[in-house]
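Report on one structure; see the data block that follows.
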Amino acid sequence: MSDPSPFGAPVFALRSGGAMPGIGFGTWRIGESPGEAERENAALRRALDRGFTHFDTAEMYGEGGSEEILGTAIAGVPRERLFLTSKFYPHHARADQMVAACDRSLRRLGVEWLDLYLLHWPGGTPFEETLEGARRLREAGKIRAFGVSNFDADGMAHLFAAGLGEAIEVNQILHNPSRRGVEFDLLPLLAAHGVACMAYTPIEPHRLSRSAAFRALAEAEGLSPAQLALAWHMTRGSTCPIPKSATPEHVDALADAAAMRLRAATMGAIDAAFPAPTRAEPLEIL
């Protein structure tokens, strides 16, 4: 990739030798309505124009519609400039089904490989079988790294204890200023094993706006609550946030916030509004 660190974000080194940009652009809820396709495509093109290079999608999003719109938006962009992540259903986690699901995602995206392929959430397929699918896809050059999503601390600890964690390079989980439970046990566990963390729903503006203290902090900084939340992630630099927007104007607001770093006093005030956890909490999932 020509710019592995947009907005001055950290670069997460993956065991496979790749470099994951420390900020991405999400596509959840994109591709669900044909009438919104033109506007959604414009938003994704705007994200590219503003410097986003890492895009996150999934076969579940719009049942492939998200991948198709993203594929249209990135058409003509040199592949090496992009870092593309997609996710597969747990009921496609057997090796042969996983390979077929990946092939469908690649066709919809119009590319020959994924930089990162994630199991969307834990399922009933033996993990050894899923790892076999990841091995086949890597050897075929269809994926460059493998990971999981929505795995809690107990689930990850079990995989590590069973010797099944070495192939996992990323865990994508819910994390934002108002949902910090993962900071107590899951994030330290991932860091100890060299697994990078992606944060989905990193801004959750409707939830954050319910906090008068957070709204006041945002206003004092001249930001929206969504922008303050993204700037919080970028200042911490410990996870890879993947904000999303389906409108070009909101993309501009996200890009502006991605380039910001907050003062220590502001970070402390956010901690006061949404304290870090002091005990283990169940993993939150949306």
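Chain identifiers are assigned as A, B, and so on, following the order in which chains appear in the structure tokens; residues are numbered from 1 within each chain, and ligands are numbered from 1 in order of appearance.
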
Could you pull the residues within 7 Å of Phe274 in chain A, counting only C-alpha atoms, minus those fewer than 3 positions along the same chain, as a ChimeraX atom specification?
-> /A:177-178,270-271

Take the residues that were just selected and, keeping N, CA and C atoms, output them as a JSON list (two decimals), in the first residue's frame.
[["chain", "number", "residue", "atom", "x", "y", "z"],
["A", 177, "PRO", "N", -16.39, 5.03, 23.39],
["A", 177, "PRO", "CA", -16.27, 5.61, 24.73],
["A", 177, "PRO", "C", -17.32, 5.15, 25.72],
["A", 178, "SER", "N", -18.52, 4.79, 25.24],
["A", 178, "SER", "CA", -19.57, 4.36, 26.16],
["A", 178, "SER", "C", -19.64, 2.85, 26.32],
["A", 270, "ILE", "N", -13.31, 12.67, 29.32],
["A", 270, "ILE", "CA", -14.07, 11.55, 28.74],
["A", 270, "ILE", "C", -14.05, 10.35, 29.69],
["A", 271, "ASP", "N", -12.90, 10.11, 30.29],
["A", 271, "ASP", "CA", -12.80, 9.03, 31.29],
["A", 271, "ASP", "C", -13.76, 9.27, 32.45]]

How close does each residue of range 4-71 of chain A get to range 107-115 of chain A, giving the shortest atom pair and distance in Å to one decimal for every residue with an atom at most 12 Å away, counting only C-alpha atoms, sorted by chain and residue number, as CSV?
residue,atom,partner,partner_atom,distance
A:Leu14,CA,A:Asp115,CA,10.6
A:Ser16,CA,A:Asp115,CA,10.3
A:Gly17,CA,A:Asp115,CA,11.1
A:Gly18,CA,A:Asp115,CA,8.1
A:Ala19,CA,A:Asp115,CA,9.3
A:Met20,CA,A:Asp115,CA,8.5
A:Pro21,CA,A:Asp115,CA,11.0
A:Gly31,CA,A:Arg108,CA,11.7
A:Thr53,CA,A:Asp115,CA,11.7
A:His54,CA,A:Asp115,CA,9.5
A:Phe55,CA,A:Asp115,CA,10.1
A:Asp56,CA,A:Asp115,CA,10.3
A:Thr57,CA,A:Leu109,CA,9.8
A:Ala58,CA,A:Leu109,CA,10.6
A:Glu59,CA,A:Arg108,CA,9.4
A:Glu63,CA,A:Arg108,CA,10.8
A:Gly64,CA,A:Arg108,CA,7.2
A:Gly65,CA,A:Arg108,CA,8.3
A:Ser66,CA,A:Arg108,CA,8.9
A:Glu67,CA,A:Leu109,CA,5.4
A:Glu68,CA,A:Arg108,CA,4.8
A:Ile69,CA,A:Leu109,CA,7.9
A:Leu70,CA,A:Leu109,CA,6.5
A:Gly71,CA,A:Leu109,CA,3.9

With N, CA, C and O atoms retained, export the selected residues as an mmCIF file, in the first residue's frame.
data_model
loop_
_atom_site.group_PDB
_atom_site.id
_atom_site.type_symbol
_atom_site.label_atom_id
_atom_site.label_comp_id
_atom_site.auth_asym_id
_atom_site.auth_seq_id
_atom_site.Cartn_x
_atom_site.Cartn_y
_atom_site.Cartn_z
ATOM 1 N N LEU A 14 0.840 -7.271 11.262
ATOM 2 C CA LEU A 14 0.207 -8.576 11.356
ATOM 3 C C LEU A 14 1.257 -9.678 11.249
ATOM 4 O O LEU A 14 2.295 -9.507 10.616
ATOM 5 N N SER A 16 1.336 -12.264 9.562
ATOM 6 C CA SER A 16 1.563 -12.716 8.195
ATOM 7 C C SER A 16 2.521 -11.809 7.440
ATOM 8 O O SER A 16 2.907 -12.102 6.312
ATOM 9 N N GLY A 17 2.900 -10.708 8.051
ATOM 10 C CA GLY A 17 3.826 -9.783 7.420
ATOM 11 C C GLY A 17 3.157 -8.559 6.853
ATOM 12 O O GLY A 17 3.835 -7.632 6.401
ATOM 13 N N GLY A 18 1.838 -8.528 6.864
ATOM 14 C CA GLY A 18 1.109 -7.383 6.354
ATOM 15 C C GLY A 18 1.043 -6.248 7.348
ATOM 16 O O GLY A 18 1.417 -6.388 8.519
ATOM 17 N N ALA A 19 0.568 -5.107 6.882
ATOM 18 C CA ALA A 19 0.403 -3.926 7.723
ATOM 19 C C ALA A 19 -1.031 -3.449 7.597
ATOM 20 O O ALA A 19 -1.477 -3.101 6.506
ATOM 21 N N MET A 20 -1.769 -3.451 8.711
ATOM 22 C CA MET A 20 -3.156 -3.019 8.692
ATOM 23 C C MET A 20 -3.242 -1.551 9.093
ATOM 24 O O MET A 20 -2.811 -1.177 10.192
ATOM 25 N N PRO A 21 -3.789 -0.688 8.233
ATOM 26 C CA PRO A 21 -3.942 0.718 8.609
ATOM 27 C C PRO A 21 -4.751 0.842 9.892
ATOM 28 O O PRO A 21 -5.719 0.103 10.123
ATOM 29 N N GLY A 31 -25.876 -1.025 1.068
ATOM 30 C CA GLY A 31 -26.212 -2.085 0.129
ATOM 31 C C GLY A 31 -27.519 -2.785 0.417
ATOM 32 O O GLY A 31 -27.831 -3.806 -0.200
ATOM 33 N N THR A 53 -8.148 4.261 3.143
ATOM 34 C CA THR A 53 -7.633 3.179 2.294
ATOM 35 C C THR A 53 -8.093 1.802 2.756
ATOM 36 O O THR A 53 -8.000 0.832 2.014
ATOM 37 N N HIS A 54 -8.559 1.706 3.997
ATOM 38 C CA HIS A 54 -8.978 0.436 4.590
ATOM 39 C C HIS A 54 -10.507 0.418 4.628
ATOM 40 O O HIS A 54 -11.126 1.312 5.225
ATOM 41 N N PHE A 55 -11.111 -0.572 3.993
ATOM 42 C CA PHE A 55 -12.567 -0.687 3.952
ATOM 43 C C PHE A 55 -12.985 -2.042 4.496
ATOM 44 O O PHE A 55 -12.401 -3.077 4.158
ATOM 45 N N ASP A 56 -14.005 -2.006 5.350
ATOM 46 C CA ASP A 56 -14.500 -3.211 6.021
ATOM 47 C C ASP A 56 -15.916 -3.515 5.530
ATOM 48 O O ASP A 56 -16.774 -2.631 5.495
ATOM 49 N N THR A 57 -16.164 -4.776 5.160
ATOM 50 C CA THR A 57 -17.481 -5.188 4.703
ATOM 51 C C THR A 57 -17.725 -6.618 5.168
ATOM 52 O O THR A 57 -16.981 -7.153 5.986
ATOM 53 N N ALA A 58 -18.805 -7.231 4.683
ATOM 54 C CA ALA A 58 -19.149 -8.601 5.079
ATOM 55 C C ALA A 58 -20.182 -9.153 4.117
ATOM 56 O O ALA A 58 -20.991 -8.404 3.562
ATOM 57 N N GLU A 59 -20.167 -10.472 3.950
ATOM 58 C CA GLU A 59 -21.180 -11.072 3.091
ATOM 59 C C GLU A 59 -22.577 -10.881 3.678
ATOM 60 O O GLU A 59 -23.566 -10.861 2.945
ATOM 61 N N GLU A 63 -26.755 -8.872 2.330
ATOM 62 C CA GLU A 63 -26.598 -10.162 1.643
ATOM 63 C C GLU A 63 -25.744 -10.000 0.378
ATOM 64 O O GLU A 63 -26.103 -10.444 -0.707
ATOM 65 N N GLY A 64 -24.607 -9.386 0.563
ATOM 66 C CA GLY A 64 -23.675 -9.168 -0.543
ATOM 67 C C GLY A 64 -23.799 -7.806 -1.178
ATOM 68 O O GLY A 64 -22.907 -7.390 -1.934
ATOM 69 N N GLY A 65 -24.868 -7.069 -0.902
ATOM 70 C CA GLY A 65 -25.063 -5.757 -1.507
ATOM 71 C C GLY A 65 -23.979 -4.767 -1.138
ATOM 72 O O GLY A 65 -23.567 -3.938 -1.960
ATOM 73 N N SER A 66 -23.515 -4.818 0.097
ATOM 74 C CA SER A 66 -22.449 -3.932 0.542
ATOM 75 C C SER A 66 -21.170 -4.180 -0.250
ATOM 76 O O SER A 66 -20.505 -3.237 -0.692
ATOM 77 N N GLU A 67 -20.827 -5.443 -0.430
ATOM 78 C CA GLU A 67 -19.620 -5.775 -1.191
ATOM 79 C C GLU A 67 -19.740 -5.297 -2.635
ATOM 80 O O GLU A 67 -18.772 -4.809 -3.228
ATOM 81 N N GLU A 68 -20.939 -5.422 -3.218
ATOM 82 C CA GLU A 68 -21.123 -4.991 -4.596
ATOM 83 C C GLU A 68 -20.943 -3.482 -4.738
ATOM 84 O O GLU A 68 -20.277 -3.006 -5.676
ATOM 85 N N ILE A 69 -21.521 -2.705 -3.825
ATOM 86 C CA ILE A 69 -21.384 -1.248 -3.906
ATOM 87 C C ILE A 69 -19.941 -0.837 -3.643
ATOM 88 O O ILE A 69 -19.396 0.037 -4.326
ATOM 89 N N LEU A 70 -19.302 -1.478 -2.679
ATOM 90 C CA LEU A 70 -17.892 -1.176 -2.431
ATOM 91 C C LEU A 70 -17.063 -1.522 -3.655
ATOM 92 O O LEU A 70 -16.150 -0.769 -4.033
ATOM 93 N N GLY A 71 -17.370 -2.647 -4.301
ATOM 94 C CA GLY A 71 -16.639 -3.031 -5.504
ATOM 95 C C GLY A 71 -16.761 -1.989 -6.597
ATOM 96 O O GLY A 71 -15.788 -1.682 -7.308
#

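Distances to Lys87 in chain A were evaluated for A:Trp232, A:Phe146, A:Phe52, A:Phe127 using only C-alpha atoms, and the minimum falls at A:Phe146.
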
Just the residues within 12 Å of range 216-224 of chain A, please, counting only C-alpha atoms, with nothing from its chain fewer than 6 positions along; format it as a ChimeraX atom specification.
-> /A:203-206,208-210,230-232,250,253-254,256-258,260-263,265-273

Between CA of Val182 in chain A and CA of Glu281 in chain A, distance in Å (one decimal) | 7.5 Å

Phe151 in chain A: which residues within 12 Å, counting only C-alpha atoms, same-chain residues fewer than 3 positions away excluded, as a PyMOL selection string?
-> chain A and resi 118-123+147-148+154-159+165+168+170-174+182+186-187+189-190+197-198+282-285

Looking only at alpha helix (DSSP H) from DSSP on the backbone, list the matching residues of range 61-278 of chain A as a VMD selection string.
-> chain A and resid 65 to 74 95 to 109 127 to 139 153 to 161 186 to 192 205 to 208 212 to 221 225 to 236 248 to 258 264 to 273

Just asking: which residues within range 59-225 of chain A are strand (DSSP E) according to DSSP, as a list in words?
->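 The residues of range 59-225 of chain A classed as strand (DSSP E) are Phe83, Leu84, Thr85, Ser86, Lys87, Phe88, Leu116, Tyr117, Leu118, Leu119, Phe146, Gly147, Val148, Ser149, Val170, Asn171, Gln172, Ile173, Leu174, Ala196, Cys197, Met198, Ala199 and Tyr200 of chain A.
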
Write a file of the just-selected residues containing C-alpha atoms, as a PDB file, in the first residue's frame.
ATOM      1  CA  PHE A  83      -6.634  -2.801   2.488  1.00  0.00           C
ATOM      2  CA  LEU A  84      -9.884  -4.773   2.164  1.00  0.00           C
ATOM      3  CA  THR A  85     -11.519  -6.701   5.003  1.00  0.00           C
ATOM      4  CA  SER A  86     -14.585  -8.910   4.654  1.00  0.00           C
ATOM      5  CA  LYS A  87     -16.349 -11.363   6.943  1.00  0.00           C
ATOM      6  CA  PHE A  88     -18.106 -14.690   6.436  1.00  0.00           C
ATOM      7  CA  LEU A 116      -8.139  -9.773   5.897  1.00  0.00           C
ATOM      8  CA  TYR A 117     -10.933 -12.350   6.190  1.00  0.00           C
ATOM      9  CA  LEU A 118     -12.867 -12.682   9.446  1.00  0.00           C
ATOM     10  CA  LEU A 119     -15.245 -15.222  10.965  1.00  0.00           C
ATOM     11  CA  PHE A 146      -7.290 -14.385   8.870  1.00  0.00           C
ATOM     12  CA  GLY A 147      -9.105 -13.339  12.014  1.00  0.00           C
ATOM     13  CA  VAL A 148     -12.327 -13.391  13.977  1.00  0.00           C
ATOM     14  CA  SER A 149     -15.035 -11.009  15.121  1.00  0.00           C
ATOM     15  CA  VAL A 170      -7.266  -9.691  14.301  1.00  0.00           C
ATOM     16  CA  ASN A 171     -10.395  -9.679  16.485  1.00  0.00           C
ATOM     17  CA  GLN A 172     -13.093  -7.159  15.523  1.00  0.00           C
ATOM     18  CA  ILE A 173     -15.283  -6.133  18.452  1.00  0.00           C
ATOM     19  CA  LEU A 174     -17.637  -3.396  19.643  1.00  0.00           C
ATOM     20  CA  ALA A 196      -4.678  -6.612  16.587  1.00  0.00           C
ATOM     21  CA  CYS A 197      -8.117  -5.251  17.447  1.00  0.00           C
ATOM     22  CA  MET A 198     -10.625  -3.531  15.174  1.00  0.00           C
ATOM     23  CA  ALA A 199     -13.411  -1.463  16.755  1.00  0.00           C
ATOM     24  CA  TYR A 200     -16.789  -1.559  15.052  1.00  0.00           C
TER      25      TYR A 200
END

Closest of A:Arg50, A:Asp152, A:Leu137, A:Glu128 to Leu164 in chain A, counting only C-alpha atoms, is A:Glu128

Point-to-point distance in Å for CA of Asp49 in chain A and CA of Ala13 in chain A |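 Interatomic distance here is 24.9 Å.
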